[in-house]
Structures are given as C-alpha cells and as structure tokens.
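Visitor: Got a file for you: target_34.txt, compact mmCIF, C-alpha atoms.
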```txt
# COMPACT_ATOMS: atom_id res chain seq x y z
CA MET T 675 79.50 116.11 124.65
CA LEU T 676 83.14 115.13 124.49
CA ASN T 677 85.72 117.05 126.43
CA ARG T 678 88.06 117.83 123.52
CA PRO T 679 88.81 120.93 121.48
CA PRO T 680 86.67 121.46 118.36
CA ARG T 681 87.79 119.96 115.09
CA PRO T 682 86.99 120.88 111.49
CA ARG T 683 83.74 119.52 110.08
CA LEU T 684 83.91 116.81 107.45
CA THR T 685 82.10 118.17 104.42
CA LEU T 686 81.28 116.41 101.15
CA ARG T 687 83.97 118.44 99.40
CA ILE T 688 86.62 117.40 101.91
CA LEU T 689 85.49 113.79 101.57
CA ALA T 690 85.68 113.98 97.76
CA TYR T 691 89.16 115.49 97.88
CA ALA T 692 90.23 112.80 100.36
CA LEU T 693 89.02 110.14 97.92
CA ALA T 694 91.00 111.84 95.14
CA ASP T 695 94.04 111.76 97.44
CA VAL T 696 93.57 108.01 97.95
CA PHE T 697 93.32 107.57 94.17
CA GLY T 698 96.60 109.46 93.76
CA LEU T 699 98.24 107.28 96.39
CA ALA T 700 97.03 104.17 94.56
CA CYS T 701 98.52 105.51 91.31
CA VAL T 702 101.85 106.16 93.02
CA SER T 703 101.90 102.66 94.50
CA ILE T 704 100.92 101.01 91.20
CA GLY T 705 103.57 102.96 89.28
CA GLY T 706 106.15 102.44 92.00
CA SER T 707 105.57 98.69 91.98
CA TRP T 708 107.07 98.58 88.49
CA PHE T 709 110.25 100.19 89.79
CA ALA T 710 110.45 97.67 92.63
CA ALA T 711 109.60 94.49 90.72
CA GLY T 712 110.35 95.39 87.09
CA LYS T 713 106.77 94.57 86.15
CA GLY T 714 103.28 95.47 87.33
CA ALA T 715 103.08 93.81 90.74
CA ILE T 716 99.77 95.23 91.98
CA VAL T 717 97.71 95.25 88.77
CA ALA T 718 98.64 92.43 86.41
CA GLY T 719 100.14 93.79 83.21
CA PHE T 720 100.12 97.46 84.22
CA PRO T 721 102.45 99.27 84.03
CA SER T 722 104.33 97.28 81.44
CA THR T 723 106.88 99.91 80.36
CA LEU T 724 109.05 102.51 82.01
CA ALA T 725 107.01 105.31 80.40
CA GLU T 726 103.76 103.96 81.87
CA ALA T 727 105.36 103.59 85.30
CA VAL T 728 106.70 107.15 85.26
CA ALA T 729 103.39 108.58 84.00
CA CYS T 730 101.40 106.68 86.60
CA THR T 731 103.70 107.69 89.45
CA ALA T 732 103.99 111.33 88.39
CA GLY T 733 100.26 111.60 87.77
CA GLY T 734 99.57 110.16 91.21
CA VAL T 735 101.87 112.68 92.86
CA VAL T 736 100.17 115.54 91.01
CA VAL T 737 96.70 114.34 92.06
CA MET T 738 97.83 113.95 95.67
CA VAL T 739 99.33 117.44 95.85
CA TRP T 740 96.22 118.94 94.24
CA ALA T 741 93.87 117.10 96.62
CA VAL T 742 95.81 118.05 99.75
CA ALA T 743 95.88 121.70 98.70
CA ARG T 744 92.09 121.64 98.18
CA ILE T 745 91.54 119.95 101.57
CA GLN T 746 93.61 122.64 103.28
CA ARG T 747 91.65 125.35 101.47
CA GLU T 748 88.33 123.87 102.59
CA ILE T 749 89.52 123.64 106.21
CA ALA T 750 90.79 127.22 106.07
CA ARG T 751 87.29 128.33 105.04
CA GLN T 752 86.06 126.94 108.36
CA GLY T 753 88.57 129.13 110.25
CA PRO T 754 86.22 131.77 111.69
CA GLU T 755 83.73 129.12 112.81
CA LEU T 756 86.52 127.06 114.39
CA GLN T 757 87.90 130.09 116.22
CA ALA T 758 84.47 130.87 117.67
CA ARG T 759 83.94 127.24 118.71
CA TYR T 760 87.42 127.13 120.27
CA ALA T 761 86.78 130.34 122.24
CA ASP T 762 83.55 128.80 123.52
CA TYR T 763 85.42 125.58 124.42
CA ILE T 764 88.04 127.52 126.39
CA ALA T 765 85.36 129.54 128.20
CA ARG T 766 83.51 126.37 129.23
CA HIS T 767 86.36 124.02 130.10
CA HIS T 768 89.16 126.37 131.12
CA PRO T 769 87.55 129.52 132.54
CA ASP T 770 90.81 130.56 134.23
CA GLN T 771 92.48 130.84 130.79
CA ALA T 772 89.51 132.43 129.03
CA ALA T 773 90.62 135.94 130.02
CA GLN T 774 94.06 135.33 128.47
CA ALA T 775 92.74 134.02 125.13
CA PRO T 776 91.96 136.62 122.45
CA ALA T 777 88.35 136.97 121.38
CA ALA T 778 87.25 135.24 118.17
CA ASP T 779 86.81 138.54 116.32
CA GLU T 780 90.05 140.04 117.66
CA PRO T 781 93.17 139.70 115.46
CA PRO T 782 96.18 138.00 117.06
CA ASN T 783 99.06 140.11 118.32
CA ARG T 784 102.14 139.85 116.16
```
Please rewrite the model in this file as structure tokens.
Guide:
Amino acid sequence: MLNRPPRPRLTLRILAYALADVFGLACVSIGGSWFAAGKGAIVAGFPSTLAEAVACTAGGVVVMVWAVARIQREIARQGPELQARYADYIARHHPDQAAQAPAADEPPNR
C-alpha cells in the first residue's frame, strides 16, 4: 500500500463528466480558433462565421462549467467515506497526531 493520504475514487459518473469537460474544452478551442485565425483553424470549415464561433465557444464554456460542478458534487458525496479513510490513515502513519485529529463522525470546531 502506498504511503499517501486517501484520494477520491474514480467512478463511472466522474469519468463521464470528465469526458464532457474535455468535450467542452474542445468546443472552446475550436470556437476560439476562429477568433485567432479568422477562420476555422482546427476543424476545416468550422466555424465559418462569427455567430458559429460565439455559439461554439459559449456552448463549450457552459458544458465545462456544468461538468465541473457535477464532478465536485460526486466527490462531495464521497466525503464521509474519505473522512473515515483519512482518520484511518492518520492513525496508522501518524499516531502522534491521531489524538489531535477529530473523529470521522465528530463535526469540526468552528
């Protein structure tokens, strides 16, 4: 086992949202290429007008923001499991600090 703190699990949903994020990034780059070159520089002939370039870029940004929000939501759902795994990691690898760390089911002090 590696000696590193626990990380979130990669689920199929997170993978699907990551692929949607890559699609959005591709749309932004394709639309942005028209602004840089005045014509479609990545895909020949697309976008060919300002309206297509704006729609492609804006649509890509919307898809990226949506995908990142969904990824964060899926990782947040793993929160209780991650807290328990982190408490176990601290107890195993840093027993001197285990007494200072709050328990997994204990709310943090604010």
Visitor: Select, from T:Ala692, T:Ile704, T:Leu699, T:Ala758, the residue with the minimum atom-to-atom distance to Val736 (chain T), counting all atoms listed in the file.
Guide: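 Smallest distance to Val736 (chain T) is found for T:Leu699.
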Visitor: So, counting only C-alpha atoms, which residue among T:Ala750, T:Val735, T:Ile764, T:Ile745 is closest to Ile688 (chain T)?
Guide: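 Using only C-alpha atoms, Ile688 (chain T) sits closest to T:Ile745.
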Visitor: Could you check the closest approach to Ala700 (chain T) for each of T:Ala743, T:Met738, T:Val728, T:Ala761 and tell me which residue wins, using only C-alpha atoms?
Guide: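 For Ala700 (chain T), the nearest of the given residues is T:Met738.
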Visitor: Env of His767 (chain T): 10 Å cut, atoms = all atoms listed in the file, seq-sep filter 4 positions within chain, self excluded. Answer as a tab-separated table (two decimals) with C-alpha atoms, keeping the file's coordinate frame.
Guide:
```
chain	number	residue	atom	x	y	z
T	677	ASN	CA	85.72	117.05	126.43
T	678	ARG	CA	88.06	117.83	123.52
T	679	PRO	CA	88.81	120.93	121.48
T	762	ASP	CA	83.55	128.80	123.52
T	763	TYR	CA	85.42	125.58	124.42
T	771	GLN	CA	92.48	130.84	130.79
T	772	ALA	CA	89.51	132.43	129.03
```
Visitor: Which protein, DNA or RNA residues are at most 12 Å from (98.3, 117.6, 91.9) in the file's coordinates when you count all atoms listed in the file, listed as JSON, numbers by chain?
Guide: {"T": [691, 694, 695, 697, 698, 699, 731, 732, 733, 734, 735, 736, 737, 738, 739, 740, 741, 742, 743, 744]}
Visitor: T:Gly705, T:Ala711, T:Ala729, T:Pro680: which is nearest Arg759 (chain T), counting only C-alpha atoms?
Guide: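 Counting only C-alpha atoms, the residue closest to Arg759 (chain T) is T:Pro680.
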Visitor: Got a sec: who's within 12 Å of Ala715 (chain T), counting all atoms listed in the file, leaving out chain neighbours fewer than 5 positions off, as number ranges by chain?
Guide: T: 703-710, 720-722, 727
Visitor: What gap, in Å, lies between CA of Cys730 (chain T) and CA of Cys701 (chain T)?
Guide: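 So the answer is 5.6 Å.
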Visitor: Please indicate the distance in Å from CA of Glu726 (chain T) to CA of Gly714 (chain T), rounded to one decimal place.
Guide: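 CA of Gly714 (chain T) lies 10.1 Å from CA of Glu726 (chain T).
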Visitor: Using CA of Ile749 (chain T) and CA of Leu684 (chain T) as the two end points, give the distance in Å to one decimal.
Guide: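 So the two atoms, CA of Ile749 (chain T) and CA of Leu684 (chain T), lie 8.9 Å apart.
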Visitor: Restore N, CA and C atoms in region 751-770 of chain T and list the result as an mmCIF file, in the coordinates of the input.
Guide:
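Contents of part.cif, as written:
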```cif
data_model
loop_
_atom_site.group_PDB
_atom_site.id
_atom_site.type_symbol
_atom_site.label_atom_id
_atom_site.label_comp_id
_atom_site.auth_asym_id
_atom_site.auth_seq_id
_atom_site.Cartn_x
_atom_site.Cartn_y
_atom_site.Cartn_z
ATOM 1 N N ARG T 751 88.573 127.633 105.129
ATOM 2 C CA ARG T 751 87.290 128.330 105.040
ATOM 3 C C ARG T 751 86.484 128.193 106.333
ATOM 4 N N GLN T 752 86.751 127.153 107.091
ATOM 5 C CA GLN T 752 86.060 126.940 108.360
ATOM 6 C C GLN T 752 86.735 127.693 109.512
ATOM 7 N N GLY T 753 87.791 128.449 109.224
ATOM 8 C CA GLY T 753 88.570 129.130 110.250
ATOM 9 C C GLY T 753 87.777 129.987 111.217
ATOM 10 N N PRO T 754 86.977 130.935 110.751
ATOM 11 C CA PRO T 754 86.220 131.770 111.690
ATOM 12 C C PRO T 754 85.283 130.964 112.585
ATOM 13 N N GLU T 755 84.622 129.964 112.006
ATOM 14 C CA GLU T 755 83.730 129.120 112.810
ATOM 15 C C GLU T 755 84.531 128.342 113.858
ATOM 16 N N LEU T 756 85.690 127.810 113.454
ATOM 17 C CA LEU T 756 86.520 127.060 114.390
ATOM 18 C C LEU T 756 87.048 127.950 115.514
ATOM 19 N N GLN T 757 87.423 129.178 115.189
ATOM 20 C CA GLN T 757 87.900 130.090 116.220
ATOM 21 C C GLN T 757 86.802 130.394 117.230
ATOM 22 N N ALA T 758 85.584 130.595 116.761
ATOM 23 C CA ALA T 758 84.470 130.870 117.670
ATOM 24 C C ALA T 758 84.176 129.647 118.541
ATOM 25 N N ARG T 759 84.188 128.461 117.937
ATOM 26 C CA ARG T 759 83.940 127.240 118.710
ATOM 27 C C ARG T 759 85.065 126.994 119.718
ATOM 28 N N TYR T 760 86.302 127.319 119.350
ATOM 29 C CA TYR T 760 87.420 127.130 120.270
ATOM 30 C C TYR T 760 87.330 128.121 121.439
ATOM 31 N N ALA T 761 86.948 129.361 121.166
ATOM 32 C CA ALA T 761 86.780 130.340 122.240
ATOM 33 C C ALA T 761 85.691 129.885 123.210
ATOM 34 N N ASP T 762 84.608 129.322 122.672
ATOM 35 C CA ASP T 762 83.550 128.800 123.520
ATOM 36 C C ASP T 762 84.047 127.605 124.337
ATOM 37 N N TYR T 763 84.847 126.731 123.719
ATOM 38 C CA TYR T 763 85.420 125.580 124.420
ATOM 39 C C TYR T 763 86.302 126.031 125.576
ATOM 40 N N ILE T 764 87.150 127.017 125.340
ATOM 41 C CA ILE T 764 88.040 127.520 126.390
ATOM 42 C C ILE T 764 87.220 128.133 127.521
ATOM 43 N N ALA T 765 86.189 128.900 127.174
ATOM 44 C CA ALA T 765 85.360 129.540 128.200
ATOM 45 C C ALA T 765 84.645 128.500 129.061
ATOM 46 N N ARG T 766 84.235 127.401 128.463
ATOM 47 C CA ARG T 766 83.510 126.370 129.230
ATOM 48 C C ARG T 766 84.423 125.481 130.045
ATOM 49 N N HIS T 767 85.530 125.038 129.464
ATOM 50 C CA HIS T 767 86.360 124.020 130.100
ATOM 51 C C HIS T 767 87.589 124.573 130.817
ATOM 52 N N HIS T 768 87.988 125.763 130.483
ATOM 53 C CA HIS T 768 89.160 126.370 131.120
ATOM 54 C C HIS T 768 88.871 127.844 131.401
ATOM 55 N N PRO T 769 87.943 128.125 132.298
ATOM 56 C CA PRO T 769 87.550 129.520 132.540
ATOM 57 C C PRO T 769 88.702 130.388 133.069
ATOM 58 N N ASP T 770 89.680 129.782 133.737
ATOM 59 C CA ASP T 770 90.810 130.560 134.230
ATOM 60 C C ASP T 770 91.686 131.074 133.087
#
```
